[in-house]
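Coordinates from query-v5.tsv are shown below (TSV, C-alpha atoms).
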```tsv
chain	number	residue	atom	x	y	z
W	1	MET	CA	147.03	50.95	122.89
W	2	THR	CA	147.91	48.76	119.99
W	3	LYS	CA	146.41	47.73	116.67
W	4	GLU	CA	146.45	44.12	117.94
W	5	VAL	CA	143.07	42.58	118.76
W	6	GLY	CA	144.66	40.26	121.35
W	7	GLU	CA	142.77	39.96	124.60
W	8	CYS	CA	140.42	42.93	124.12
W	9	LYS	CA	137.09	42.30	125.88
W	10	LEU	CA	135.19	44.55	123.46
W	11	ILE	CA	135.51	42.20	120.47
W	12	GLY	CA	132.11	41.36	119.02
W	13	ARG	CA	128.79	43.04	118.25
W	14	TRP	CA	127.13	45.48	120.62
W	15	ARG	CA	123.58	46.89	120.50
W	16	ILE	CA	123.51	50.66	121.06
W	17	THR	CA	120.78	51.14	123.66
W	18	GLY	CA	120.98	54.83	124.57
W	19	ALA	CA	122.40	58.24	123.76
W	20	ASP	CA	122.48	61.65	125.38
W	21	LEU	CA	121.66	63.53	122.13
W	22	TRP	CA	119.12	61.23	120.45
W	23	ASP	CA	116.10	59.19	121.51
W	24	HIS	CA	115.72	55.45	120.94
W	25	ASP	CA	113.51	55.92	117.85
W	26	TYR	CA	116.23	57.97	116.15
W	27	LEU	CA	118.97	55.47	117.06
W	28	ASP	CA	117.04	52.69	115.24
W	29	LEU	CA	115.88	54.92	112.35
W	30	CYS	CA	117.47	52.82	109.56
W	31	GLY	CA	117.79	49.53	111.44
W	32	PRO	CA	119.12	48.30	114.76
W	33	ALA	CA	121.79	50.64	116.17
W	34	ILE	CA	125.05	48.65	116.50
W	35	ILE	CA	128.77	48.93	116.99
W	36	ALA	CA	131.03	46.02	116.10
W	37	ALA	CA	134.73	45.39	116.62
W	38	ASP	CA	136.56	42.32	115.37
W	39	GLY	CA	139.78	43.52	113.76
W	40	HIS	CA	137.75	45.94	111.65
W	41	GLY	CA	134.91	47.95	113.11
W	42	ASP	CA	131.55	49.31	112.04
W	43	ILE	CA	128.95	51.57	113.62
W	44	ALA	CA	125.40	52.31	112.51
W	45	PHE	CA	122.75	54.42	114.20
W	46	GLY	CA	120.17	56.91	112.96
W	47	ALA	CA	121.09	57.64	109.34
W	48	LEU	CA	124.83	57.17	110.03
W	49	GLN	CA	126.84	54.22	108.74
W	50	ALA	CA	130.62	54.26	109.20
W	51	GLY	CA	133.72	52.12	109.32
W	52	LEU	CA	136.03	52.26	112.33
W	53	ASP	CA	139.83	52.22	112.38
W	54	LEU	CA	140.47	50.70	115.81
W	55	GLU	CA	143.29	50.67	118.36
W	56	TYR	CA	142.72	48.08	121.08
W	57	ALA	CA	143.45	47.83	124.80
W	58	ARG	CA	142.15	45.13	127.17
W	59	THR	CA	138.94	46.95	128.23
W	60	SER	CA	138.76	49.84	125.77
W	61	VAL	CA	139.22	50.89	122.17
W	62	PHE	CA	140.08	54.18	120.50
W	63	PHE	CA	138.76	54.70	117.00
W	64	GLU	CA	138.69	57.08	114.11
W	65	TRP	CA	135.65	56.69	111.92
W	66	GLU	CA	134.55	57.67	108.44
W	67	GLY	CA	131.24	57.18	106.69
W	68	PHE	CA	127.95	58.74	105.67
W	69	ASP	CA	125.13	60.46	107.56
W	70	GLU	CA	122.07	61.31	105.44
W	71	MET	CA	124.24	60.89	102.31
W	72	ASP	CA	126.84	63.42	103.55
W	73	GLU	CA	130.43	62.31	104.14
W	74	VAL	CA	131.30	62.55	107.84
W	75	ARG	CA	134.23	61.56	110.03
W	76	GLY	CA	135.42	61.82	113.58
W	77	SER	CA	136.88	59.89	116.48
W	78	GLY	CA	135.82	58.23	119.68
W	79	THR	CA	136.47	55.79	122.46
W	80	ALA	CA	134.59	52.84	123.89
W	81	GLU	CA	135.19	51.53	127.39
W	82	LEU	CA	133.87	48.48	129.19
W	83	ARG	CA	131.97	49.37	132.38
W	84	ASP	CA	131.99	47.26	135.55
W	85	ASP	CA	128.40	46.11	134.81
W	86	GLY	CA	129.46	44.67	131.41
W	87	SER	CA	127.93	47.45	129.30
W	88	LEU	CA	129.84	49.68	126.95
W	89	GLU	CA	130.27	53.46	127.30
W	90	ILE	CA	131.04	55.19	123.99
W	91	GLU	CA	132.24	58.74	123.45
W	92	PHE	CA	131.46	59.56	119.81
W	93	ASN	CA	132.78	62.76	118.23
W	94	PHE	CA	131.94	64.27	114.87
W	95	ARG	CA	134.89	66.25	113.49
W	96	ASN	CA	134.29	69.96	114.15
W	97	CYS	CA	130.77	69.30	115.43
W	98	ASP	CA	128.72	67.33	117.97
W	99	GLU	CA	129.96	65.04	120.70
W	100	ALA	CA	127.69	62.28	121.98
W	101	ALA	CA	127.70	59.73	124.78
W	102	LEU	CA	126.28	56.33	123.80
W	103	THR	CA	125.68	53.14	125.78
W	104	ALA	CA	125.62	49.60	124.40
W	105	SER	CA	125.02	46.01	125.49
W	106	LYS	CA	126.72	42.90	124.08
W	107	ILE	CA	124.64	41.03	121.51
```
Can you present the structure in this file as structure tokens?
Amino acid sequence: MTKEVGECKLIGRWRITGADLWDHDYLDLCGPAIIAADGHGDIAFGALQAGLDLEYARTSVFFEWEGFDEMDEVRGSGTAELRDDGSLEIEFNFRNCDEAALTASKI
């Protein structure tokens, strides 16, 4: 992986549509659940809002993230990978805590 955006197919905004730990109502608690990657990244779902430090490959990204969840500082890491059907599979990890699997569709 590289810090270059280059030919990465994940560039753009994605709507988070599902999660293994949370229902749809929670995902959209404070607005539409999204993940975006375009040189700098952002993710927002539930009460979490965070910036992403991204490393790009053609069909995947690795990221470390840092932000706030219910006013508490939180951080972690994750990966996002393009599936054959065009959707995104996201592994989202809170440091020393929960791990979640998210799915997203391109906006």
May I have the residues within 12 Å of W:Asp28 as a PyMOL selection string, using only C-alpha atoms and disregarding those fewer than 4 positions away in the same chain? chain W and resi 15-19+22-24+32-34+44-49
Emit the selected residues as a JSON list (two decimals), keeping the file's coordinate frame, including C-alpha atoms.
```json
[["chain", "number", "residue", "atom", "x", "y", "z"],
["W", 15, "ARG", "CA", 123.58, 46.89, 120.50],
["W", 16, "ILE", "CA", 123.51, 50.66, 121.06],
["W", 17, "THR", "CA", 120.78, 51.14, 123.66],
["W", 18, "GLY", "CA", 120.98, 54.83, 124.57],
["W", 19, "ALA", "CA", 122.40, 58.24, 123.76],
["W", 22, "TRP", "CA", 119.12, 61.23, 120.45],
["W", 23, "ASP", "CA", 116.10, 59.19, 121.51],
["W", 24, "HIS", "CA", 115.72, 55.45, 120.94],
["W", 32, "PRO", "CA", 119.12, 48.30, 114.76],
["W", 33, "ALA", "CA", 121.79, 50.64, 116.17],
["W", 34, "ILE", "CA", 125.05, 48.65, 116.50],
["W", 44, "ALA", "CA", 125.40, 52.31, 112.51],
["W", 45, "PHE", "CA", 122.75, 54.42, 114.20],
["W", 46, "GLY", "CA", 120.17, 56.91, 112.96],
["W", 47, "ALA", "CA", 121.09, 57.64, 109.34],
["W", 48, "LEU", "CA", 124.83, 57.17, 110.03],
["W", 49, "GLN", "CA", 126.84, 54.22, 108.74]]
```
Anything within 10 Å of (130.6, 63.1, 115.0): list those residues as a ChimeraX atom specification, counting only C-alpha atoms and sticking to the file's coordinates. /W:48,65-66,69,74-78,91-100
Output of the above residues as a PDB file, keeping the file's coordinate frame, restricted to C-alpha atoms:
```pdb
ATOM      1  CA  LEU W  48     124.830  57.170 110.030  1.00  0.00           C
ATOM      2  CA  TRP W  65     135.650  56.690 111.920  1.00  0.00           C
ATOM      3  CA  GLU W  66     134.550  57.670 108.440  1.00  0.00           C
ATOM      4  CA  ASP W  69     125.130  60.460 107.560  1.00  0.00           C
ATOM      5  CA  VAL W  74     131.300  62.550 107.840  1.00  0.00           C
ATOM      6  CA  ARG W  75     134.230  61.560 110.030  1.00  0.00           C
ATOM      7  CA  GLY W  76     135.420  61.820 113.580  1.00  0.00           C
ATOM      8  CA  SER W  77     136.880  59.890 116.480  1.00  0.00           C
ATOM      9  CA  GLY W  78     135.820  58.230 119.680  1.00  0.00           C
ATOM     10  CA  GLU W  91     132.240  58.740 123.450  1.00  0.00           C
ATOM     11  CA  PHE W  92     131.460  59.560 119.810  1.00  0.00           C
ATOM     12  CA  ASN W  93     132.780  62.760 118.230  1.00  0.00           C
ATOM     13  CA  PHE W  94     131.940  64.270 114.870  1.00  0.00           C
ATOM     14  CA  ARG W  95     134.890  66.250 113.490  1.00  0.00           C
ATOM     15  CA  ASN W  96     134.290  69.960 114.150  1.00  0.00           C
ATOM     16  CA  CYS W  97     130.770  69.300 115.430  1.00  0.00           C
ATOM     17  CA  ASP W  98     128.720  67.330 117.970  1.00  0.00           C
ATOM     18  CA  GLU W  99     129.960  65.040 120.700  1.00  0.00           C
ATOM     19  CA  ALA W 100     127.690  62.280 121.980  1.00  0.00           C
TER      20      ALA W 100
END
```
Extract, using all atoms listed in the file, all DNA, RNA and protein residues at most 10 Å from W:Glu81, discarding same-chain residues fewer than 5 positions from it, and format them as a VMD selection string. chain W and resid 9 to 10 57 to 62 86 to 91 103
Would you save the residues from that selection as a PDB file, in the coordinates of the input, using C-alpha atoms?
```
ATOM      1  CA  LYS W   9     137.090  42.300 125.880  1.00  0.00           C
ATOM      2  CA  LEU W  10     135.190  44.550 123.460  1.00  0.00           C
ATOM      3  CA  ALA W  57     143.450  47.830 124.800  1.00  0.00           C
ATOM      4  CA  ARG W  58     142.150  45.130 127.170  1.00  0.00           C
ATOM      5  CA  THR W  59     138.940  46.950 128.230  1.00  0.00           C
ATOM      6  CA  SER W  60     138.760  49.840 125.770  1.00  0.00           C
ATOM      7  CA  VAL W  61     139.220  50.890 122.170  1.00  0.00           C
ATOM      8  CA  PHE W  62     140.080  54.180 120.500  1.00  0.00           C
ATOM      9  CA  GLY W  86     129.460  44.670 131.410  1.00  0.00           C
ATOM     10  CA  SER W  87     127.930  47.450 129.300  1.00  0.00           C
ATOM     11  CA  LEU W  88     129.840  49.680 126.950  1.00  0.00           C
ATOM     12  CA  GLU W  89     130.270  53.460 127.300  1.00  0.00           C
ATOM     13  CA  ILE W  90     131.040  55.190 123.990  1.00  0.00           C
ATOM     14  CA  GLU W  91     132.240  58.740 123.450  1.00  0.00           C
ATOM     15  CA  THR W 103     125.680  53.140 125.780  1.00  0.00           C
TER      16      THR W 103
END
```
Please compute the atom CA of W:Trp14-atom CA of W:Ser105 distance, one decimal, in Å.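 The value is 5.3 Å.
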Smallest atom-to-atom distance to W:Ala101: which of W:Ile43, W:Asp20, W:Arg83, W:Gly12, using only C-alpha atoms?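 When distances to W:Ala101 are compared using only C-alpha atoms, the smallest one comes from W:Asp20.
Using all atoms listed in the file, the smallest distance between any of W:Ala36, W:Met71, W:Tyr26, W:Tyr56 and W:Gly6 comes from W:Tyr56.
Counting from atom CA of W:Glu7, the distance to atom CA of W:Leu27 is 29.4 Å.
The shortest atom-to-atom distance to W:Glu70, with all atoms listed in the file taken into account, belongs to W:Cys30 out of W:Ala37, W:Leu102, W:Leu52, W:Cys30.
Counting from atom CA of W:Cys8, the distance to atom CA of W:Asp42 is 16.3 Å.
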